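Undergrad: Provided below: structure-v1.cif, containing mmCIF, C-alpha atoms.
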data_upload
loop_
_atom_site.label_atom_id
_atom_site.label_comp_id
_atom_site.auth_asym_id
_atom_site.auth_seq_id
_atom_site.Cartn_x
_atom_site.Cartn_y
_atom_site.Cartn_z
CA MET A 1 130.04 64.70 98.55
CA THR A 2 128.42 62.20 100.86
CA ALA A 3 124.68 61.88 101.28
CA SER A 4 123.13 64.78 103.18
CA ASN A 5 122.47 62.65 106.28
CA GLU A 6 126.07 61.45 106.48
CA ARG A 7 129.04 63.24 107.93
CA VAL A 8 131.72 64.30 105.45
CA ARG A 9 134.87 62.23 105.99
CA VAL A 10 137.78 64.65 106.28
CA LEU A 11 141.43 63.64 106.32
CA VAL A 12 143.58 66.28 108.05
CA LEU A 13 147.27 66.01 107.17
CA PHE A 14 149.89 67.90 109.15
CA GLY A 15 153.53 67.88 110.21
CA GLY A 16 155.70 66.94 107.27
CA ARG A 17 159.35 66.88 106.29
CA SER A 18 159.93 70.61 106.04
CA ALA A 19 161.55 72.98 108.52
CA GLU A 20 158.02 74.27 109.17
CA HIS A 21 156.98 70.96 110.76
CA GLU A 22 156.13 72.50 114.15
CA VAL A 23 154.24 75.42 112.60
CA SER A 24 152.14 72.94 110.64
CA CYS A 25 151.27 71.19 113.90
CA LEU A 26 150.23 74.51 115.46
CA SER A 27 148.03 75.29 112.46
CA ALA A 28 146.47 71.83 112.52
CA ARG A 29 145.61 72.19 116.19
CA SER A 30 143.50 75.26 115.40
CA VAL A 31 141.89 73.71 112.32
CA LEU A 32 140.91 70.58 114.25
CA ALA A 33 139.37 72.69 117.00
CA ALA A 34 137.24 74.54 114.42
CA LEU A 35 135.93 71.46 112.56
CA ASP A 36 132.29 70.77 113.45
CA ARG A 37 132.27 67.12 114.52
CA GLU A 38 128.51 66.91 113.93
CA ARG A 39 129.15 67.62 110.24
CA TYR A 40 132.55 66.01 109.75
CA LEU A 41 134.06 62.64 110.56
CA VAL A 42 137.71 63.58 111.04
CA THR A 43 140.79 61.38 110.67
CA THR A 44 144.08 62.95 111.72
CA VAL A 45 147.28 61.77 110.09
CA GLY A 46 150.59 63.26 111.15
CA ILE A 47 153.56 63.12 108.80
CA THR A 48 156.80 62.61 110.70
CA ARG A 49 159.98 64.51 109.90
CA GLU A 50 161.12 61.42 107.99
CA GLY A 51 157.95 61.44 105.86
CA ARG A 52 156.07 58.54 107.45
CA TRP A 53 152.30 58.88 107.59
CA THR A 54 151.15 57.91 111.05
CA LEU A 55 147.75 57.69 112.71
CA VAL A 56 147.51 60.19 115.56
CA ASP A 57 144.83 61.44 117.91
CA GLY A 58 145.07 65.12 117.07
CA VAL A 59 148.03 67.32 117.95
CA VAL A 60 149.86 66.66 121.20
CA ASP A 61 149.56 69.27 123.95
CA THR A 62 152.76 71.13 124.77
CA PRO A 63 153.72 73.65 127.47
CA ALA A 64 153.63 77.34 126.64
CA GLY A 65 156.58 78.29 124.46
CA VAL A 66 157.15 74.69 123.29
CA LEU A 67 156.17 73.90 119.71
CA PRO A 68 154.45 70.55 119.01
CA SER A 69 155.66 67.88 116.61
CA VAL A 70 154.35 64.58 115.26
CA PRO A 71 155.37 61.65 117.51
CA ASP A 72 156.95 58.65 115.82
CA ASP A 73 155.17 55.93 117.81
CA GLY A 74 151.87 55.73 115.91
CA ASP A 75 150.75 53.12 113.38
CA THR A 76 151.75 53.65 109.76
CA VAL A 77 148.94 54.57 107.38
CA ALA A 78 148.77 54.90 103.61
CA LEU A 79 146.34 56.00 100.93
CA VAL A 80 145.37 53.10 98.67
CA GLN A 81 143.25 53.31 95.54
CA THR A 82 140.78 50.41 95.50
CA ARG A 83 137.91 49.33 93.26
CA LYS A 84 135.63 51.13 95.69
CA GLY A 85 137.66 54.30 95.63
CA PRO A 86 140.49 55.73 97.77
CA ARG A 87 140.86 54.21 101.21
CA LEU A 88 143.08 54.83 104.21
CA VAL A 89 144.82 51.65 105.33
CA ARG A 90 146.66 51.12 108.60
CA PHE A 91 149.69 48.83 108.70
CA VAL A 92 151.31 47.06 111.60
CA ASP A 93 154.93 45.93 111.64
CA SER A 94 154.03 42.67 109.90
CA PHE A 95 152.62 44.73 107.00
CA ALA A 96 149.19 43.25 107.59
CA GLY A 97 146.77 46.08 106.89
CA ASP A 98 143.27 46.97 107.96
CA GLU A 99 141.03 49.53 106.30
CA LEU A 100 140.28 52.72 108.19
CA GLY A 101 137.68 53.82 105.67
CA PRO A 102 137.16 56.10 102.69
CA VAL A 103 138.23 59.72 102.38
CA ASP A 104 135.81 62.32 100.99
CA VAL A 105 138.13 65.31 101.17
CA CYS A 106 141.59 66.17 102.49
CA PHE A 107 142.71 69.28 104.31
CA PRO A 108 146.52 69.39 103.97
CA VAL A 109 147.58 71.68 106.81
CA LEU A 110 151.17 71.53 105.62
CA HIS A 111 153.66 74.35 105.27
CA GLY A 112 156.85 74.42 103.23
CA PRO A 113 158.42 71.79 100.95
CA TYR A 114 156.79 68.37 100.61
CA GLY A 115 153.43 69.80 101.58
CA GLU A 116 152.84 73.26 100.19
CA ASP A 117 154.82 72.80 96.97
CA GLY A 118 152.50 70.53 94.98
CA THR A 119 153.93 67.17 96.06
CA VAL A 120 151.07 66.17 98.37
CA GLN A 121 148.56 67.83 96.04
CA GLY A 122 149.78 65.58 93.22
CA LEU A 123 149.39 62.49 95.39
CA LEU A 124 145.84 63.44 96.36
CA ALA A 125 144.92 64.33 92.77
CA SER A 126 146.26 61.00 91.49
CA HIS A 127 143.86 59.25 93.90
CA GLY A 128 140.96 61.48 92.88
CA ILE A 129 140.58 62.97 96.37
CA PRO A 130 139.27 66.54 96.63
CA TYR A 131 141.62 68.71 98.68
CA VAL A 132 141.70 72.18 100.16
CA GLY A 133 143.88 74.76 98.46
CA ALA A 134 145.84 75.34 95.27
CA ASP A 135 146.47 72.68 92.64
CA VAL A 136 149.86 71.19 91.79
CA ALA A 137 151.09 73.87 89.39
CA SER A 138 149.92 76.84 91.46
CA SER A 139 151.37 75.35 94.63
CA ALA A 140 154.75 74.90 92.94
CA VAL A 141 154.80 78.50 91.69
CA GLY A 142 153.51 79.92 94.96
CA ILE A 143 156.21 78.37 97.12
CA ASP A 144 159.12 79.23 94.80
CA LYS A 145 159.86 82.91 95.37
CA ARG A 146 161.91 83.13 92.18
CA GLN A 147 159.13 81.79 89.94
CA MET A 148 156.48 83.69 91.90
CA LYS A 149 158.31 86.97 91.30
CA ASN A 150 158.69 86.09 87.61
CA VAL A 151 154.91 85.75 87.39
CA PHE A 152 154.36 88.98 89.29
CA THR A 153 156.73 90.78 86.91
CA ALA A 154 154.87 89.41 83.89
CA ARG A 155 151.57 90.70 85.32
CA GLY A 156 153.00 94.13 86.11
CA LEU A 157 152.71 93.76 89.88
CA PRO A 158 155.17 95.95 91.82
CA HIS A 159 157.51 94.02 94.07
CA VAL A 160 160.86 94.36 95.81
CA PRO A 161 164.03 94.38 93.64
CA TYR A 162 165.90 91.09 93.99
CA ARG A 163 168.51 88.70 92.66
CA ALA A 164 168.43 84.90 92.66
CA LEU A 165 171.63 83.04 93.55
CA ARG A 166 172.12 79.38 92.67
CA ARG A 167 174.26 77.18 94.88
CA SER A 168 176.44 76.25 91.89
CA ALA A 169 177.25 79.91 91.12
CA TRP A 170 177.96 80.67 94.78
CA GLU A 171 180.25 77.70 95.23
CA THR A 172 182.06 78.36 91.94
CA ASP A 173 182.92 82.02 92.63
CA ARG A 174 181.55 83.47 95.85
CA ALA A 175 183.25 86.85 95.32
CA ALA A 176 181.81 87.29 91.82
CA ALA A 177 178.33 86.25 92.98
CA GLY A 178 178.47 88.72 95.85
CA ALA A 179 179.72 91.49 93.59
CA ASP A 180 176.86 90.84 91.15
CA VAL A 181 174.34 91.25 93.97
CA GLU A 182 176.01 94.45 95.18
CA SER A 183 176.02 95.92 91.67
CA ALA A 184 172.25 95.52 91.44
CA LEU A 185 171.09 96.08 95.04
CA ALA A 186 172.06 98.34 97.93
CA TYR A 187 172.41 97.37 101.57
CA PRO A 188 170.54 96.58 103.72
CA LEU A 189 169.44 93.34 102.06
CA PHE A 190 167.51 90.23 103.02
CA THR A 191 168.62 86.71 102.14
CA LYS A 192 165.97 83.99 101.94
CA PRO A 193 165.71 80.35 100.82
CA ALA A 194 163.68 80.35 97.61
CA ARG A 195 161.27 77.66 98.82
CA GLN A 196 160.72 78.10 102.54
CA GLY A 197 158.27 79.97 104.74
CA SER A 198 157.72 81.09 108.34
CA SER A 199 160.78 83.35 108.01
CA ILE A 200 163.04 80.31 108.37
CA GLY A 201 166.55 80.85 107.01
CA ILE A 202 166.06 84.61 106.57
CA ARG A 203 168.77 87.10 107.54
CA ARG A 204 169.02 90.88 107.35
CA CYS A 205 172.38 91.85 105.82
CA ARG A 206 174.14 95.18 106.34
CA ASP A 207 177.44 94.43 104.57
CA ARG A 208 179.33 91.79 102.61
CA ASP A 209 180.11 89.70 105.71
CA ASP A 210 176.41 89.55 106.57
CA LEU A 211 175.63 88.69 102.95
CA VAL A 212 178.02 85.75 102.98
CA ALA A 213 176.59 84.49 106.27
CA GLY A 214 173.03 84.97 105.03
CA VAL A 215 173.57 83.11 101.76
CA GLU A 216 175.25 80.24 103.60
CA GLU A 217 172.34 80.03 106.06
CA ALA A 218 169.74 80.09 103.29
CA LEU A 219 171.61 77.41 101.33
CA ALA A 220 171.08 75.06 104.27
CA TYR A 221 167.39 75.00 103.23
CA ASP A 222 167.43 75.31 99.45
CA ARG A 223 169.67 75.29 96.39
CA VAL A 224 168.48 78.77 95.36
CA VAL A 225 168.73 81.90 97.49
CA ILE A 226 166.68 85.04 96.98
CA VAL A 227 168.47 88.29 97.86
CA GLU A 228 166.02 91.18 98.24
CA GLN A 229 166.41 94.90 98.66
CA ALA A 230 165.23 95.83 102.16
CA VAL A 231 162.26 98.19 102.15
CA THR A 232 162.99 100.77 104.85
CA GLU A 233 160.15 102.17 106.94
CA ALA A 234 157.74 99.66 105.43
CA ARG A 235 154.56 98.49 107.16
CA GLU A 236 153.69 94.82 106.66
CA LEU A 237 150.11 94.31 105.48
CA GLU A 238 148.32 91.05 104.67
CA CYS A 239 145.11 90.23 102.79
CA GLY A 240 143.16 86.98 102.86
CA VAL A 241 141.80 85.59 99.59
CA LEU A 242 139.16 82.90 98.94
CA GLY A 243 137.71 81.49 95.72
CA ASN A 244 138.26 79.05 92.86
CA SER A 245 137.74 81.23 89.78
CA GLU A 246 138.33 84.92 89.14
CA PRO A 247 134.68 86.06 89.19
CA GLU A 248 134.11 84.55 92.64
CA VAL A 249 137.40 85.57 94.27
CA VAL A 250 136.85 87.51 97.52
CA VAL A 251 139.56 89.54 99.26
CA THR A 252 139.61 90.93 102.79
CA PRO A 253 140.73 94.44 103.68
CA PRO A 254 144.38 94.35 104.76
CA GLY A 255 145.42 93.57 108.30
CA GLU A 256 148.71 94.70 109.78
CA VAL A 257 151.40 92.89 111.75
CA ALA A 258 153.01 94.84 114.59
CA THR A 259 156.15 93.25 116.01
CA THR A 260 158.89 94.48 118.31
CA HIS A 261 161.47 92.41 116.38
CA GLU A 262 163.76 93.94 113.77
CA PHE A 263 161.69 92.15 111.16
CA TYR A 264 158.85 89.62 111.23
CA ASP A 265 161.06 86.62 112.01
CA PHE A 266 160.22 83.10 113.25
CA ASP A 267 160.34 83.98 116.95
CA GLY A 268 158.26 87.08 116.33
CA LYS A 269 155.62 85.03 114.54
CA TYR A 270 155.29 82.09 116.90
CA LEU A 271 157.02 82.76 120.22
CA ASP A 272 156.51 86.48 120.89
CA ALA A 273 153.61 87.15 123.24
CA SER A 274 153.76 90.86 122.35
CA LEU A 275 152.91 90.25 118.66
CA GLU A 276 149.91 92.35 117.67
CA LEU A 277 147.57 91.82 114.72
CA ARG A 278 145.60 94.89 113.67
CA CYS A 279 142.55 94.58 111.48
CA PRO A 280 141.61 96.48 109.50
CA ALA A 281 144.97 98.16 109.06
CA ASP A 282 144.95 101.89 109.74
CA VAL A 283 145.77 103.01 106.21
CA PRO A 284 144.08 105.39 103.77
CA GLU A 285 141.08 103.91 101.95
CA GLU A 286 142.86 104.20 98.61
CA VAL A 287 145.82 102.21 99.95
CA ALA A 288 143.51 99.50 101.27
CA ARG A 289 141.81 99.26 97.87
CA ARG A 290 145.19 99.00 96.14
CA CYS A 291 146.29 96.23 98.52
CA MET A 292 143.11 94.28 97.82
CA ALA A 293 143.46 94.75 94.05
CA TYR A 294 147.10 93.61 94.12
CA ALA A 295 146.17 90.62 96.31
CA LYS A 296 143.50 89.50 93.86
CA GLU A 297 145.81 90.02 90.89
CA ALA A 298 148.59 87.99 92.55
CA TYR A 299 146.10 85.21 93.35
CA VAL A 300 144.79 85.06 89.80
CA ALA A 301 148.29 85.40 88.32
CA ILE A 302 149.58 82.14 89.81
CA GLY A 303 146.26 80.37 89.19
CA ALA A 304 145.53 79.88 92.88
CA ARG A 305 142.30 78.38 94.12
CA GLY A 306 140.73 77.73 97.50
CA MET A 307 142.71 80.18 99.62
CA SER A 308 145.84 82.27 99.94
CA ARG A 309 147.33 85.01 102.06
CA VAL A 310 149.04 87.80 100.16
CA ASP A 311 151.70 89.81 101.99
CA LEU A 312 152.42 93.41 101.01
CA PHE A 313 154.64 96.32 102.01
CA TYR A 314 153.26 99.82 102.44
CA VAL A 315 155.71 102.75 102.58
CA GLU A 316 153.87 105.73 104.05
CA ARG A 317 156.61 108.21 103.07
CA THR A 318 156.18 107.50 99.36
CA GLY A 319 152.72 105.95 99.25
CA ASP A 320 154.13 102.85 97.52
CA VAL A 321 152.50 99.44 97.91
CA LEU A 322 154.62 96.43 96.95
CA VAL A 323 153.66 92.76 96.77
CA ASN A 324 155.94 90.68 98.97
CA GLU A 325 154.68 87.14 98.43
CA ILE A 326 151.69 84.81 98.23
CA ASN A 327 151.15 81.84 100.54
CA THR A 328 148.88 79.10 99.20
CA ILE A 329 148.62 77.32 102.59
CA PRO A 330 148.68 80.22 105.04
CA GLY A 331 149.14 79.76 108.74
CA PHE A 332 146.15 78.82 110.89
CA THR A 333 147.81 79.30 114.28
CA PRO A 334 146.35 81.60 116.98
CA ALA A 335 148.90 84.21 115.87
CA SER A 336 148.18 83.83 112.13
CA MET A 337 146.75 86.68 110.11
CA PHE A 338 144.72 84.62 107.60
CA PRO A 339 141.92 83.44 109.92
CA TYR A 340 142.07 86.75 111.80
CA VAL A 341 141.33 88.96 108.78
CA TRP A 342 138.42 86.72 107.87
CA GLN A 343 137.05 86.93 111.40
CA CYS A 344 137.29 90.70 111.15
CA ALA A 345 135.35 90.44 107.87
CA GLY A 346 132.55 88.58 109.69
CA VAL A 347 133.57 85.00 108.84
CA THR A 348 134.04 82.88 111.96
CA TYR A 349 136.77 80.25 112.15
CA PRO A 350 134.31 77.31 111.73
CA GLN A 351 132.62 79.10 108.84
CA LEU A 352 136.01 79.62 107.19
CA ILE A 353 136.81 75.91 107.46
CA ASP A 354 133.37 75.04 106.05
CA ARG A 355 133.93 77.37 103.11
CA LEU A 356 137.36 75.90 102.36
CA LEU A 357 135.95 72.38 102.27
CA GLU A 358 133.11 73.55 100.00
CA LEU A 359 135.67 75.10 97.65
CA ALA A 360 137.65 71.82 97.64
CA PHE A 361 134.59 69.87 96.51
CA ALA A 362 133.73 72.51 93.90
CA ALA A 363 137.27 72.44 92.48
CA ALA A 364 137.21 68.64 92.24
CA ALA A 365 133.84 68.74 90.48
CA ALA A 366 135.17 71.27 87.97
CA ASP A 367 138.30 69.15 87.33
CA SER A 368 136.17 66.05 86.72
CA ARG A 369 134.83 67.60 83.53
CA TYR A 370 138.16 67.11 81.85
CA SER A 371 139.79 63.86 80.78
CA PRO A 372 143.12 63.08 82.51
#
Written as structure tokens, that's how I'd like the structure from this file.
TA:
Amino acid sequence: MTASNERVRVLVLFGGRSAEHEVSCLSARSVLAALDRERYLVTTVGITREGRWTLVDGVVDTPAGVLPSVPDDGDTVALVQTRKGPRLVRFVDSFAGDELGPVDVCFPVLHGPYGEDGTVQGLLASHGIPYVGADVASSAVGIDKRQMKNVFTARGLPHVPYRALRRSAWETDRAAAGADVESALAYPLFTKPARQGSSIGIRRCRDRDDLVAGVEEALAYDRVVIVEQAVTEARELECGVLGNSEPEVVVTPPGEVATTHEFYDFDGKYLDASLELRCPADVPEEVARRCMAYAKEAYVAIGARGMSRVDLFYVERTGDVLVNEINTIPGFTPASMFPYVWQCAGVTYPQLIDRLLELAFAAAAADSRYSP
């Protein structure tokens, strides 16, 4: 860290190449508003949809109902490792560069592929820059629903029955692939891209025609599709998790998402003014404890650090609690559950950001003990 009388130099990355570009911008807007400028010297770098790092002055304002994006008219910037350590450099069209200064820590407010999947984490790690959130391996497992579920199965965590469909198998024999799904699972089903969030590319399927349409839609985002058994009459609960190592991991009581949509889809998450977040969720104490235990186990199972949000299903009729998924860079938007459950637990938004940056420095210090 910097000397105590100096502000910590924070690089906030947002936008990115994924279909969650706009959601990342919404999250970054909230994070930037919560950063204490007396403690932190903040540089904001937006990643365009094409992957160009560009110097921006925060997140652009947009009218209600319009999602922001990273404009493409800013100067190009890059991380460069120098003899004095990692530096941000700005380039003009002539490729003449000028130094913007060092980076003490990075907060990648990025959702989806090329941001939440370990790619940016690997870049930052190769430059020796501390960063908020999971490391490369945990990020890769956390974003891939197929591998995530494999880990959950190995740890004995209950989750929804599913099948994984590869593009090659689907394109080779669509009828056989569909029949295989139907032999293992019963309608209604959900189809999802294996490595995508924010409910993008998800479809509820009631019959074979829906299944075909859902797989085709999901394949527009990934080469692997997850087909899950729908959990009828399920309540959607979410726990926030913080910590770098198992003894220090802290979990919030579950919050609940209440939506008027058929399921918690993209519009319901980000465009529905009637969306309601309830915290703590009105569930029996034993159910809340089970949710928190499963959330911690899922977090430890994938080797997460820094933060995560763990999503669960609770079926009142049977009393079952199932782990849905883990998100290693959860949403930070005004409608996001992760900061909300922490606020309900007594941790303000600025305090949450402070804690995440502290955890980033602690993780980097722990990693420095080991030779590359």
Undergrad: Just the residues within 12 Å of Ala169 of chain A, please, counting all atoms listed in the file, with nothing from its chain fewer than 3 positions along; format it as an MDAnalysis selection string.
TA: chainID A and resid 164:166 172:178 180 215 219 223:225
Undergrad: Interatomic distance between atom CA of Val77 of chain A and atom CA of Ala28 of chain A?
TA: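 Distance between the two atoms: 18.2 Å.
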Undergrad: Which polymer residues have any atom within 12 Å of an atom of Ala137 of chain A, counting all atoms listed in the file, with same-chain residues fewer than 4 positions away left out, as a list in words?
TA: Glu116, Asp117, Gly118, Thr119, Val120, Gln121, Gly122, Ala125, Gly133, Val141, Gly142, Ile143, Asp144, Gln147, Met148, Ala301, Ile302, Gly303, Ala304, Arg305 and Thr328 of chain A
Undergrad: Can you work out which one of A:Ala140, A:Leu79, A:Ile353, A:Leu157 has the shortest atom-to-atom distance to Ser30 of chain A, counting only C-alpha atoms?
TA: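 Using only C-alpha atoms, Ser30 of chain A sits closest to A:Ile353.
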Undergrad: What's the 7 Å shell around segment 183-200 of chain A, counting all atoms listed in the file, without same-chain residues fewer than 6 positions away, as number ranges by chain?
TA: A: 20, 112-113, 143-146, 206-207, 214-215, 218-219, 221-222, 224-230, 265-266
Undergrad: Enumerate, as a ChimeraX atom specification, the protein, DNA and RNA residues whose atoms approach (150.3, 98.0, 113.6) to within 9 Å, taking into account all atoms listed in the file and the coordinate frame of the file.
TA: /A:235-237,255-259,276-279,281-282
Undergrad: Can you tell me which residues surround Leu359 of chain A at a distance of at most 12 Å, considering all atoms listed in the file, apart from same-chain residues fewer than 6 positions away, and format the answer as a PDB file with C-alpha atoms, keeping the file's coordinate frame?
TA:
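Here's the written file selection-v6.pdb:
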ATOM      1  CA  MET A   1     130.040  64.700  98.550  1.00  0.00           C
ATOM      2  CA  VAL A 105     138.130  65.310 101.170  1.00  0.00           C
ATOM      3  CA  CYS A 106     141.590  66.170 102.490  1.00  0.00           C
ATOM      4  CA  PHE A 107     142.710  69.280 104.310  1.00  0.00           C
ATOM      5  CA  PRO A 130     139.270  66.540  96.630  1.00  0.00           C
ATOM      6  CA  TYR A 131     141.620  68.710  98.680  1.00  0.00           C
ATOM      7  CA  VAL A 132     141.700  72.180 100.160  1.00  0.00           C
ATOM      8  CA  GLY A 133     143.880  74.760  98.460  1.00  0.00           C
ATOM      9  CA  ALA A 134     145.840  75.340  95.270  1.00  0.00           C
ATOM     10  CA  LEU A 242     139.160  82.900  98.940  1.00  0.00           C
ATOM     11  CA  GLY A 243     137.710  81.490  95.720  1.00  0.00           C
ATOM     12  CA  ASN A 244     138.260  79.050  92.860  1.00  0.00           C
ATOM     13  CA  SER A 245     137.740  81.230  89.780  1.00  0.00           C
ATOM     14  CA  GLU A 248     134.110  84.550  92.640  1.00  0.00           C
ATOM     15  CA  VAL A 249     137.400  85.570  94.270  1.00  0.00           C
ATOM     16  CA  ALA A 304     145.530  79.880  92.880  1.00  0.00           C
ATOM     17  CA  ARG A 305     142.300  78.380  94.120  1.00  0.00           C
ATOM     18  CA  GLY A 306     140.730  77.730  97.500  1.00  0.00           C
ATOM     19  CA  MET A 307     142.710  80.180  99.620  1.00  0.00           C
ATOM     20  CA  LEU A 352     136.010  79.620 107.190  1.00  0.00           C
ATOM     21  CA  ILE A 353     136.810  75.910 107.460  1.00  0.00           C
ATOM     22  CA  ALA A 365     133.840  68.740  90.480  1.00  0.00           C
ATOM     23  CA  ALA A 366     135.170  71.270  87.970  1.00  0.00           C
TER      24      ALA A 366
END
Undergrad: Can you pull out the residues contacting Gly85 of chain A? Cut-off 9 Å, using only C-alpha atoms, and skip same-chain residues under 5 positions away; I want them as a list in words.
TA: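 Everything that qualifies: Val80, Pro102, Val103, His127 and Gly128 of chain A.
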Undergrad: For the residues selected in the previous step, produce a file with C-alpha atoms as a short mmCIF file (atom, residue, chain, number, x, y, z; two decimals), in the coordinates of the input.
TA:
data_model
loop_
_atom_site.label_atom_id
_atom_site.label_comp_id
_atom_site.auth_asym_id
_atom_site.auth_seq_id
_atom_site.Cartn_x
_atom_site.Cartn_y
_atom_site.Cartn_z
CA VAL A 80 145.37 53.10 98.67
CA PRO A 102 137.16 56.10 102.69
CA VAL A 103 138.23 59.72 102.38
CA HIS A 127 143.86 59.25 93.90
CA GLY A 128 140.96 61.48 92.88
#
Undergrad: Please, what distance in Å, to one decimal, runs between atom CA of Val92 of chain A and atom CA of Leu13 of chain A?
TA: 19.9 Å
Undergrad: Would you mind reading off the distance between atom CA of Leu55 of chain A and atom CA of Ala363 of chain A, one decimal, in Å?
TA: 27.1 Å
Undergrad: Written as a ChimeraX atom specification, what is the full residue list that the PyMOL selection byres ((chain A and resi 40) around 9) yields on the file shown?
TA: /A:6-10,35-39,41-42
Undergrad: Nearest to Thr82 of chain A: which of A:Gly101, A:Arg52, A:Leu67, A:Arg355 is it, counting all atoms listed in the file?
TA: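 Looking at the shortest contact to Thr82 of chain A, the residue is A:Gly101.
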Undergrad: Run the PyMOL selection byres ((chain A and resi 285-299) around 8) mentally over the shown coordinates, then write out the matched residues as number ranges by chain, using the chain letters and numbers from the document.
TA: A: 152, 157, 239, 241, 249-254, 283-284, 300-305, 308, 310-312, 319, 321, 323, 326
Undergrad: Apply the PyMOL selection byres ((chain A and resi 57) around 10) to the structure shown and report the selected residues as a list in words.
TA: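 Taken on the displayed file, the PyMOL selection byres ((chain A and resi 57) around 10) yields the residues Thr43, Thr44, Val45, Gly46, Thr54, Leu55, Val56, Gly58, Val59, Val60 and Gly74 of chain A.
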Undergrad: Nearest residue to Phe361 of chain A out of A:Ser24, A:Arg83, A:Asp72, A:Asp104, using only C-alpha atoms?
TA: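 Ranking A:Ser24, A:Arg83, A:Asp72, A:Asp104 by distance to Phe361 of chain A, first place goes to A:Asp104.
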Undergrad: So, counting all atoms listed in the file, which residue among A:Ile129, A:Ala19, A:Leu322, A:Leu88 is closest to Tyr114 of chain A?
TA: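 Comparing A:Ile129, A:Ala19, A:Leu322, A:Leu88 against Tyr114 of chain A, the winner is A:Ala19.
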Undergrad: Given the choices A:Ala213, A:Val23, A:Val66, A:Val231, which gets closest to Thr333 of chain A if the distance is worked out from all atoms listed in the file?
TA: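 Residue with the minimum atom-to-atom distance to Thr333 of chain A: A:Val23.
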Undergrad: Could you add N, CA and C atoms to segment 227-242 of chain A and give me the result as a tab-separated table (two decimals), in the coordinates of the input?
TA:
chain	number	residue	atom	x	y	z
A	227	VAL	N	167.93	87.13	97.17
A	227	VAL	CA	168.47	88.29	97.86
A	227	VAL	C	167.60	89.48	97.49
A	228	GLU	N	166.97	90.09	98.49
A	228	GLU	CA	166.02	91.18	98.24
A	228	GLU	C	166.53	92.49	98.82
A	229	GLN	N	166.18	93.56	98.13
A	229	GLN	CA	166.41	94.90	98.66
A	229	GLN	C	165.51	95.12	99.87
A	230	ALA	N	166.06	95.53	101.00
A	230	ALA	CA	165.23	95.83	102.16
A	230	ALA	C	164.40	97.08	101.87
A	231	VAL	N	163.15	97.04	102.31
A	231	VAL	CA	162.26	98.19	102.15
A	231	VAL	C	162.22	98.92	103.49
A	232	THR	N	162.90	100.05	103.58
A	232	THR	CA	162.99	100.77	104.85
A	232	THR	C	161.67	101.46	105.17
A	233	GLU	N	161.36	101.52	106.43
A	233	GLU	CA	160.15	102.17	106.94
A	233	GLU	C	158.87	101.57	106.35
A	234	ALA	N	158.91	100.30	106.03
A	234	ALA	CA	157.74	99.66	105.43
A	234	ALA	C	156.84	99.05	106.51
A	235	ARG	N	155.54	99.17	106.32
A	235	ARG	CA	154.56	98.49	107.16
A	235	ARG	C	154.15	97.20	106.47
A	236	GLU	N	154.02	96.12	107.24
A	236	GLU	CA	153.69	94.82	106.66
A	236	GLU	C	152.19	94.59	106.74
A	237	LEU	N	151.55	94.50	105.59
A	237	LEU	CA	150.11	94.31	105.48
A	237	LEU	C	149.82	92.96	104.84
A	238	GLU	N	148.66	92.37	105.18
A	238	GLU	CA	148.32	91.05	104.67
A	238	GLU	C	146.82	91.00	104.36
A	239	CYS	N	146.50	90.42	103.19
A	239	CYS	CA	145.11	90.23	102.79
A	239	CYS	C	144.81	88.74	102.67
A	240	GLY	N	143.62	88.34	103.07
A	240	GLY	CA	143.16	86.98	102.86
A	240	GLY	C	142.35	86.89	101.58
A	241	VAL	N	142.50	85.77	100.87
A	241	VAL	CA	141.80	85.59	99.59
A	241	VAL	C	141.13	84.22	99.60
A	242	LEU	N	139.90	84.16	99.11
A	242	LEU	CA	139.16	82.90	98.94
A	242	LEU	C	138.54	82.86	97.55
